[in-house]
Amino acid sequence: MKRFAALFTQIDQTTKTLPKVAALKTYFEDVPEDDRLWCIALFSGRRPKRTLTTPYLRGWAAEKAGIPLWLFEEAYPVVGDLAETIALVLPPPTQESDHSLSHWIGVIKSLPSLEEAERKEVVLAAWDELDPTGRFLFNKLLTGGFRVGVSQKLMTRALAQATGQDEPVITHKLMGSWTPETATWQSLIDEDDPAADLSRPYPFYLAYQLDEEPEDLGVPADWQAEWKWDGIRGQLIVRGGEHHLWSRGEELMTDRFPELAQARDFLPEGTVIDGEVLAWADGAPLPFAQLQKRIGRKSVPKKLLAEAPVVLHSYDLLEFAGEDIRDRPMAERRARLEALITDLPEGCPVQLSPTVPFASWADLAQTREGSRDNHAEGLMLKRKDSPYLSGRKKGDWWKWKVDPLVIDAVMIYAQAGHGRRANLFTDFTFAVWKGNDLVPFTKAYSGLTDAEFKEITAWVKKNTLQRFGPVRQVTPHHVFEIAFEGIQASSRHKSGVALRFPRMSRWRKDKPLAEANTFDDLTEMLETYS
Amino acid sequence: MVLSFTERGIYCAAGDFYIDPWRPVDRALITHGHADHARWGMKSYLSTDAAAPVIRMRLGDINLETIAYGEVRRIGDADVSFFPAGHVPGSAQIRVEVGGEVWVASGDYKVVDDGLSEAFEPVKCHAFITECTFGLPVFNWTPEPEVRALLNAWWQSNAALGRPSIIGAYSLGKAQRILAALDPATGPILTHSAVENTNVVLREQGYALPDTIRVMPDLKAKDHPGALIVAPPSALGSTWSRRFTGASTAFASGWMAMRGVRRRRAVDRGFVMSDHADWAGLNTAIAETGAERIFVTHGYTSVFRQWLESQGYDAAIVETEYDGDDAEDAA
Ligand SMILES: [Zn+2]
Ligand SMILES: [Zn+2]
């Protein structure tokens, strides 16, 4: 664990990319295979399952620290992280050991099979032989919340450097449903054929938001435009007579959307399609909330299946007849995709996402204004001669979203953030006027700069009216512009509306309290846009 | 009540004086030179001999009498004496005895010996007024020799790579504690003027500090390869520090024990080094006074009071306007 703790410290200590990659590279070169695999797994979100509930841990930690539980609970929000709070309150270790990362993960995985008393013994013994950073990491693994300041992309880069392989190749190899228990270094990294695993997806190509004018992109004829749908990105794989559906977050969603099983009957062997999963009825997408009901469930009741059926709006073809065609030009891939899907019978849930024809950029800008009428968030622009790259790359693909909806609202509650932001107020509740009352309608926690969060934190401390646990009611004073992507009626929210992706887009220090928007404004938006 | 708590500060009616007052009063007894304890505008001041030069440097031409550690002075009907608080050079706890009843005001203190400040001495009393800046069980300081080793290792590894090391530390106390901990064989030590001004005063008093070079406007970083620079926290990330291109940055404070604070500071290294008592330090210090009544001032007062009550003390919170040095970091 000392070696892994040292790696963690090196990564955690710096905000710079180069030293992080260098530290990871050295780690991959230094440690045995098991630890390498677990490191890759942890840094790509493949955490071991949580095997203990936290009340046990809190109790044991308080007991070991010789403090009452209430005192532990008081300290926890100050630190903002349970694993760290435990590591900090424990007395110094009395034993010394240096077991590997894999050893400790093995210990954690063994816990569910033990009796409660034995579990406690194992955990206390671990705490008593790990150094402070080791304890913190052990606790993080134990509570299933291991996250560090390094992206999968950086880890992949370091792994590419350590193994002398190309980064996109490594990215592809790390995709899919492997775990350190099912994979070996040989099968995962050394072997040359990433398609050996039939379910393995290709890395998704992600677009950047277009901030300049589209004219800067060049001749319109070089570009293809499509609607940008508000669904879930999905990669549909048909290989070996089976089908698999992957989310962008590399989650296997096959069972959640049984409709797509029909793909096996309609699509030829060795087909991989990139598209958008949408809840769909009567020739149009249903609100995202309908789709959300489907995302949350591993198995789908019949009623829901009828109420919110899904389709895959296909926009790219990555594999055709078992051949990886990602380096062919977009135009060619599109032509093959169209040929493939045009032949499918009506009612097949695999559909073509249409292109949007346009003659000039001005023309397209006008079309884009009508995005919301088309249930789209805006447009996607793709260069016709572009290959299908992996990850977020600038240049060939752009999302050209319509401007967000905005409303000016009053901040009325504030709550401290977590982890890095535990000492700042970052989570706020906003309200609009209804007569002389302020009615809360949304929360938002992002969009401000660190300096602004600091400033508002100082203000909140001085202007707290009441505390409800961690929540502070503050004097209504500050008006913020809240930007959001959509608005829907919601019975779960008191205000009757739910916003999609709300965030603070501007601190309207120029705006007096009385000039914030009203509940009528909000209702009007609901009627216009939902 | 030997001491009472007023809106001007901690007051002794028997001697008609205040301890570390925050509003102008006639007679002020000062525990140490930090800005939240030694304020401008008092008609007369009393501090230890050791604290006086820095207080003069900071407050200018004031009417300041001094007293030796352990010396007893009669003021009105009160017997007053000062004992080392271990917080910064010259810092004191103030003991006040009236008719056999003894109260001690701690000012700020730490119980570990930092090698520079006069080491903390427990003082028996009936009532103890204590700070609790770090009054939560998550604050447990790294042992002094270990922090020193970490600090020097950080400097050495930067020096080996030819890059400067800048460390942020308060100009009275923390800065000198760091200076005293450094291995001068590693390279040159540079100081920001705010730090060096204090160094000059302390050196003259006889505190042992290594040789340092004051950073003047025309100083070139490349003339001092492998240097370590000690500067106030506010100078980190300012134009002042920009001349040390490629520097590794660090910060030394008790708050560095928390990963969230460390990351928010956005420095390369955080050294857990505080001039306040940690959880264990507060608890031992309080136990050693033998006091039954405890008044808690700045810090995690409500939690700490509740904890003391659960340990059988008669504890109360006192609102004060001490908020300086380490405390300001928490915001
Ligand atoms: Zn102080
Ligand atoms: Zn203080």
# chains A, B, ... in the order shown; residues from 1 in each chain; ligands from 1
call {"tool": "residues_around", "arguments": {"residues": "Gly290 (chain B)", "least_positions_apart": "5", "cutoff": "10 Å", "atoms": "only C-alpha atoms", "output": "number ranges by chain"}}
result
B: 122-128, 285
call {"tool": "interface_residues", "arguments": {"of": "chain A", "to": "chain B", "cutoff": "7 Å", "atoms": "only C-alpha atoms", "output": "PyMOL selection string"}}
result
chain A and resi 13-14+75+79+85+88-89+419-423
call {"tool": "residues_near_ligand", "arguments": {"ligand": "ligand 2", "cutoff": "10 Å", "atoms": "only C-alpha atoms and all ligand atoms", "output": "VMD selection string"}}
result
chain B and resid 20 31 to 38 87 106 to 109 131 to 133 275 to 276 297 to 299 320 to 328
call {"tool": "closest_residue", "arguments": {"among": "B:Ile286, B:Ala194, B:Leu209, B:Ala277", "to": "ligand 1", "atoms": "only C-alpha atoms and all ligand atoms"}}
result
B:Ala277
call {"tool": "atom_distance", "arguments": {"atom1": "CA of Phe251 (chain B)", "atom2": "CA of Ile167 (chain B)"}}
result
5.3 Å
call {"tool": "select_by_dssp", "arguments": {"residues": "region 328-461 of chain A", "states": "alpha helix (DSSP H)", "output": "ChimeraX atom specification"}}
result
/A:330-342,361-369,450-461
call {"tool": "select_by_dssp", "arguments": {"residues": "region 138-284 of chain B", "states": "strand (DSSP E)", "output": "PyMOL selection string"}}
result
chain B and resi 165-168+189-191+213-214+228-231+248-252+269-271
call {"tool": "residues_around", "arguments": {"residues": "region 427-437 of chain A", "least_positions_apart": "2", "cutoff": "7 Å", "atoms": "only C-alpha atoms", "output": "PyMOL selection string"}}
result
chain A and resi 409-417+425+439-445+516-519
call {"tool": "write_last_selection", "arguments": {"atoms": "N, CA, C and O atoms", "output": "JSON list (two decimals), in the first residue's frame"}}
result
[["chain", "number", "residue", "atom", "x", "y", "z"],
["A", 409, "ALA", "N", -33.22, 34.63, -10.52],
["A", 409, "ALA", "CA", -33.83, 34.10, -9.31],
["A", 409, "ALA", "C", -33.08, 34.56, -8.07],
["A", 409, "ALA", "O", -31.93, 34.97, -8.14],
["A", 410, "VAL", "N", -33.75, 34.44, -6.94],
["A", 410, "VAL", "CA", -33.20, 34.92, -5.67],
["A", 410, "VAL", "C", -32.67, 33.73, -4.86],
["A", 410, "VAL", "O", -33.35, 32.72, -4.72],
["A", 411, "MET", "N", -31.46, 33.89, -4.34],
["A", 411, "MET", "CA", -30.90, 32.84, -3.51],
["A", 411, "MET", "C", -31.53, 32.89, -2.13],
["A", 411, "MET", "O", -31.55, 33.95, -1.50],
["A", 412, "ILE", "N", -32.06, 31.76, -1.65],
["A", 412, "ILE", "CA", -32.69, 31.78, -0.32],
["A", 412, "ILE", "C", -32.11, 30.77, 0.67],
["A", 412, "ILE", "O", -32.21, 30.95, 1.87],
["A", 413, "TYR", "N", -31.51, 29.67, 0.17],
["A", 413, "TYR", "CA", -30.85, 28.72, 1.07],
["A", 413, "TYR", "C", -29.46, 28.43, 0.56],
["A", 413, "TYR", "O", -29.22, 28.48, -0.65],
["A", 414, "ALA", "N", -28.56, 28.11, 1.48],
["A", 414, "ALA", "CA", -27.20, 27.76, 1.08],
["A", 414, "ALA", "C", -26.74, 26.56, 1.90],
["A", 414, "ALA", "O", -27.10, 26.41, 3.06],
["A", 415, "GLN", "N", -25.95, 25.74, 1.26],
["A", 415, "GLN", "CA", -25.42, 24.55, 1.93],
["A", 415, "GLN", "C", -23.96, 24.38, 1.51],
["A", 415, "GLN", "O", -23.61, 24.68, 0.37],
["A", 416, "ALA", "N", -23.14, 23.87, 2.44],
["A", 416, "ALA", "CA", -21.72, 23.69, 2.13],
["A", 416, "ALA", "C", -21.53, 22.56, 1.13],
["A", 416, "ALA", "O", -22.36, 21.65, 1.03],
["A", 417, "GLY", "N", -20.45, 22.62, 0.38],
["A", 417, "GLY", "CA", -20.15, 21.58, -0.59],
["A", 417, "GLY", "C", -19.51, 20.38, 0.08],
["A", 417, "GLY", "O", -19.52, 20.25, 1.30],
["A", 425, "PHE", "N", -19.65, 27.49, 0.75],
["A", 425, "PHE", "CA", -21.05, 27.28, 0.43],
["A", 425, "PHE", "C", -21.16, 27.22, -1.09],
["A", 425, "PHE", "O", -20.77, 28.15, -1.79],
["A", 439, "VAL", "N", -40.93, 31.75, -3.92],
["A", 439, "VAL", "CA", -41.17, 30.31, -4.01],
["A", 439, "VAL", "C", -39.93, 29.62, -4.56],
["A", 439, "VAL", "O", -39.51, 29.92, -5.68],
["A", 440, "PRO", "N", -39.37, 28.69, -3.79],
["A", 440, "PRO", "CA", -38.20, 27.96, -4.31],
["A", 440, "PRO", "C", -38.59, 27.08, -5.49],
["A", 440, "PRO", "O", -39.67, 26.50, -5.51],
["A", 441, "PHE", "N", -37.73, 27.01, -6.48],
["A", 441, "PHE", "CA", -38.05, 26.17, -7.65],
["A", 441, "PHE", "C", -36.88, 25.37, -8.16],
["A", 441, "PHE", "O", -37.05, 24.43, -8.93],
["A", 442, "THR", "N", -35.66, 25.70, -7.75],
["A", 442, "THR", "CA", -34.54, 24.89, -8.23],
["A", 442, "THR", "C", -33.33, 25.04, -7.32],
["A", 442, "THR", "O", -33.24, 25.99, -6.54],
["A", 443, "LYS", "N", -32.42, 24.07, -7.45],
["A", 443, "LYS", "CA", -31.14, 24.15, -6.77],
["A", 443, "LYS", "C", -30.08, 24.27, -7.85],
["A", 443, "LYS", "O", -30.29, 23.82, -8.97],
["A", 444, "ALA", "N", -28.96, 24.85, -7.51],
["A", 444, "ALA", "CA", -27.85, 24.89, -8.46],
["A", 444, "ALA", "C", -26.56, 24.94, -7.65],
["A", 444, "ALA", "O", -26.54, 25.50, -6.55],
["A", 445, "TYR", "N", -25.52, 24.33, -8.17],
["A", 445, "TYR", "CA", -24.26, 24.29, -7.41],
["A", 445, "TYR", "C", -23.05, 24.56, -8.27],
["A", 445, "TYR", "O", -21.92, 24.38, -7.84],
["A", 516, "ALA", "N", -36.22, 40.30, -9.74],
["A", 516, "ALA", "CA", -36.07, 38.89, -10.11],
["A", 516, "ALA", "C", -37.35, 38.44, -10.82],
["A", 516, "ALA", "O", -38.39, 39.08, -10.69],
["A", 517, "ASN", "N", -37.26, 37.35, -11.57],
["A", 517, "ASN", "CA", -38.43, 36.87, -12.31],
["A", 517, "ASN", "C", -39.53, 36.37, -11.37],
["A", 517, "ASN", "O", -39.30, 36.17, -10.18],
["A", 518, "THR", "N", -40.71, 36.16, -11.96],
["A", 518, "THR", "CA", -41.86, 35.74, -11.16],
["A", 518, "THR", "C", -42.25, 34.31, -11.50],
["A", 518, "THR", "O", -41.78, 33.75, -12.48],
["A", 519, "PHE", "N", -43.11, 33.77, -10.65],
["A", 519, "PHE", "CA", -43.58, 32.42, -10.86],
["A", 519, "PHE", "C", -44.38, 32.34, -12.17],
["A", 519, "PHE", "O", -44.35, 31.33, -12.86]]
call {"tool": "closest_residue", "arguments": {"among": "A:Tyr529, A:Phe501, A:Trp507, A:Trp397", "to": "Leu206 (chain A)", "atoms": "only C-alpha atoms"}}
result
A:Trp397
call {"tool": "decode", "arguments": {"residues": "region 299-395 of chain A", "atoms": "C-alpha atoms", "output": "PDB file, in the first residue's frame"}}
result
ATOM      1  CA  SER A 299     -35.734  -4.662 -15.525  1.00  0.00           C
ATOM      2  CA  VAL A 300     -38.654  -2.955 -17.179  1.00  0.00           C
ATOM      3  CA  PRO A 301     -42.310  -3.548 -16.280  1.00  0.00           C
ATOM      4  CA  LYS A 302     -44.658  -4.008 -19.272  1.00  0.00           C
ATOM      5  CA  LYS A 303     -46.584  -0.851 -18.525  1.00  0.00           C
ATOM      6  CA  LEU A 304     -43.487   1.314 -18.680  1.00  0.00           C
ATOM      7  CA  LEU A 305     -42.366  -0.446 -21.829  1.00  0.00           C
ATOM      8  CA  ALA A 306     -45.602   0.619 -23.507  1.00  0.00           C
ATOM      9  CA  GLU A 307     -45.589   4.086 -22.011  1.00  0.00           C
ATOM     10  CA  ALA A 308     -42.020   5.005 -22.847  1.00  0.00           C
ATOM     11  CA  PRO A 309     -40.699   2.802 -25.651  1.00  0.00           C
ATOM     12  CA  VAL A 310     -37.184   3.562 -26.800  1.00  0.00           C
ATOM     13  CA  VAL A 311     -35.485   3.733 -30.156  1.00  0.00           C
ATOM     14  CA  LEU A 312     -31.876   4.158 -31.157  1.00  0.00           C
ATOM     15  CA  HIS A 313     -31.381   7.155 -33.419  1.00  0.00           C
ATOM     16  CA  SER A 314     -28.300   6.036 -35.339  1.00  0.00           C
ATOM     17  CA  TYR A 315     -25.768   8.542 -36.574  1.00  0.00           C
ATOM     18  CA  ASP A 316     -22.564   6.655 -37.153  1.00  0.00           C
ATOM     19  CA  LEU A 317     -21.312   3.239 -38.202  1.00  0.00           C
ATOM     20  CA  LEU A 318     -18.085   2.088 -36.572  1.00  0.00           C
ATOM     21  CA  GLU A 319     -17.928  -1.542 -37.594  1.00  0.00           C
ATOM     22  CA  PHE A 320     -19.332  -3.096 -40.708  1.00  0.00           C
ATOM     23  CA  ALA A 321     -19.248  -6.798 -41.501  1.00  0.00           C
ATOM     24  CA  GLY A 322     -16.838  -7.271 -38.628  1.00  0.00           C
ATOM     25  CA  GLU A 323     -14.427  -4.686 -39.934  1.00  0.00           C
ATOM     26  CA  ASP A 324     -13.393  -1.631 -37.936  1.00  0.00           C
ATOM     27  CA  ILE A 325     -14.177   1.275 -40.294  1.00  0.00           C
ATOM     28  CA  ARG A 326     -13.535   4.155 -37.904  1.00  0.00           C
ATOM     29  CA  ASP A 327     -10.759   5.598 -40.037  1.00  0.00           C
ATOM     30  CA  ARG A 328     -12.971   5.873 -43.137  1.00  0.00           C
ATOM     31  CA  PRO A 329     -14.404   9.348 -43.811  1.00  0.00           C
ATOM     32  CA  MET A 330     -17.633  10.377 -42.132  1.00  0.00           C
ATOM     33  CA  ALA A 331     -19.391  10.669 -45.495  1.00  0.00           C
ATOM     34  CA  GLU A 332     -18.575   7.052 -46.348  1.00  0.00           C
ATOM     35  CA  ARG A 333     -19.599   5.767 -42.937  1.00  0.00           C
ATOM     36  CA  ARG A 334     -22.814   7.740 -43.193  1.00  0.00           C
ATOM     37  CA  ALA A 335     -23.597   6.304 -46.647  1.00  0.00           C
ATOM     38  CA  ARG A 336     -23.087   2.758 -45.376  1.00  0.00           C
ATOM     39  CA  LEU A 337     -25.194   3.475 -42.297  1.00  0.00           C
ATOM     40  CA  GLU A 338     -28.030   4.815 -44.444  1.00  0.00           C
ATOM     41  CA  ALA A 339     -27.864   1.815 -46.734  1.00  0.00           C
ATOM     42  CA  LEU A 340     -28.007  -0.475 -43.722  1.00  0.00           C
ATOM     43  CA  ILE A 341     -30.907   1.194 -41.996  1.00  0.00           C
ATOM     44  CA  THR A 342     -33.069   2.189 -44.960  1.00  0.00           C
ATOM     45  CA  ASP A 343     -33.673  -1.502 -45.553  1.00  0.00           C
ATOM     46  CA  LEU A 344     -34.985  -2.115 -42.078  1.00  0.00           C
ATOM     47  CA  PRO A 345     -38.741  -2.668 -41.758  1.00  0.00           C
ATOM     48  CA  GLU A 346     -40.975  -0.074 -40.188  1.00  0.00           C
ATOM     49  CA  GLY A 347     -41.309  -0.406 -36.444  1.00  0.00           C
ATOM     50  CA  CYS A 348     -37.733  -1.486 -35.993  1.00  0.00           C
ATOM     51  CA  PRO A 349     -36.304   0.421 -33.011  1.00  0.00           C
ATOM     52  CA  VAL A 350     -33.053   1.066 -34.842  1.00  0.00           C
ATOM     53  CA  GLN A 351     -33.677   4.222 -36.815  1.00  0.00           C
ATOM     54  CA  LEU A 352     -31.685   6.734 -38.754  1.00  0.00           C
ATOM     55  CA  SER A 353     -31.008  10.110 -37.226  1.00  0.00           C
ATOM     56  CA  PRO A 354     -31.655  12.405 -40.169  1.00  0.00           C
ATOM     57  CA  THR A 355     -29.161  14.910 -41.462  1.00  0.00           C
ATOM     58  CA  VAL A 356     -30.239  18.514 -41.679  1.00  0.00           C
ATOM     59  CA  PRO A 357     -29.691  19.923 -45.163  1.00  0.00           C
ATOM     60  CA  PHE A 358     -28.357  23.464 -45.488  1.00  0.00           C
ATOM     61  CA  ALA A 359     -26.904  25.680 -48.174  1.00  0.00           C
ATOM     62  CA  SER A 360     -25.221  28.356 -46.112  1.00  0.00           C
ATOM     63  CA  TRP A 361     -24.206  28.905 -42.514  1.00  0.00           C
ATOM     64  CA  ALA A 362     -26.823  31.648 -42.198  1.00  0.00           C
ATOM     65  CA  ASP A 363     -29.395  29.189 -43.394  1.00  0.00           C
ATOM     66  CA  LEU A 364     -28.319  26.661 -40.798  1.00  0.00           C
ATOM     67  CA  ALA A 365     -28.264  29.271 -38.037  1.00  0.00           C
ATOM     68  CA  GLN A 366     -31.917  29.883 -38.768  1.00  0.00           C
ATOM     69  CA  THR A 367     -32.726  26.182 -38.678  1.00  0.00           C
ATOM     70  CA  ARG A 368     -30.944  25.939 -35.353  1.00  0.00           C
ATOM     71  CA  GLU A 369     -33.293  28.519 -33.871  1.00  0.00           C
ATOM     72  CA  GLY A 370     -36.068  25.972 -34.374  1.00  0.00           C
ATOM     73  CA  SER A 371     -34.234  23.224 -32.457  1.00  0.00           C
ATOM     74  CA  ARG A 372     -36.565  23.208 -29.496  1.00  0.00           C
ATOM     75  CA  ASP A 373     -39.585  22.781 -31.800  1.00  0.00           C
ATOM     76  CA  ASN A 374     -37.838  19.699 -33.114  1.00  0.00           C
ATOM     77  CA  HIS A 375     -37.241  18.427 -29.566  1.00  0.00           C
ATOM     78  CA  ALA A 376     -33.535  18.907 -30.087  1.00  0.00           C
ATOM     79  CA  GLU A 377     -30.936  20.790 -28.047  1.00  0.00           C
ATOM     80  CA  GLY A 378     -29.323  22.232 -31.151  1.00  0.00           C
ATOM     81  CA  LEU A 379     -27.221  20.865 -33.959  1.00  0.00           C
ATOM     82  CA  MET A 380     -24.208  18.633 -34.402  1.00  0.00           C
ATOM     83  CA  LEU A 381     -21.680  19.605 -37.048  1.00  0.00           C
ATOM     84  CA  LYS A 382     -19.422  16.871 -38.420  1.00  0.00           C
ATOM     85  CA  ARG A 383     -16.731  17.253 -41.035  1.00  0.00           C
ATOM     86  CA  LYS A 384     -17.526  14.960 -43.921  1.00  0.00           C
ATOM     87  CA  ASP A 385     -13.998  13.683 -44.367  1.00  0.00           C
ATOM     88  CA  SER A 386     -13.337  13.093 -40.655  1.00  0.00           C
ATOM     89  CA  PRO A 387     -12.442   9.717 -39.166  1.00  0.00           C
ATOM     90  CA  TYR A 388     -14.111   8.514 -35.966  1.00  0.00           C
ATOM     91  CA  LEU A 389     -11.618   9.469 -33.277  1.00  0.00           C
ATOM     92  CA  SER A 390     -11.592   8.419 -29.647  1.00  0.00           C
ATOM     93  CA  GLY A 391     -12.321  10.756 -26.790  1.00  0.00           C
ATOM     94  CA  ARG A 392     -12.886  14.470 -26.823  1.00  0.00           C
ATOM     95  CA  LYS A 393     -10.969  15.947 -29.739  1.00  0.00           C
ATOM     96  CA  LYS A 394     -11.192  19.397 -31.264  1.00  0.00           C
ATOM     97  CA  GLY A 395     -11.669  20.082 -34.939  1.00  0.00           C
TER      98      GLY A 395
END
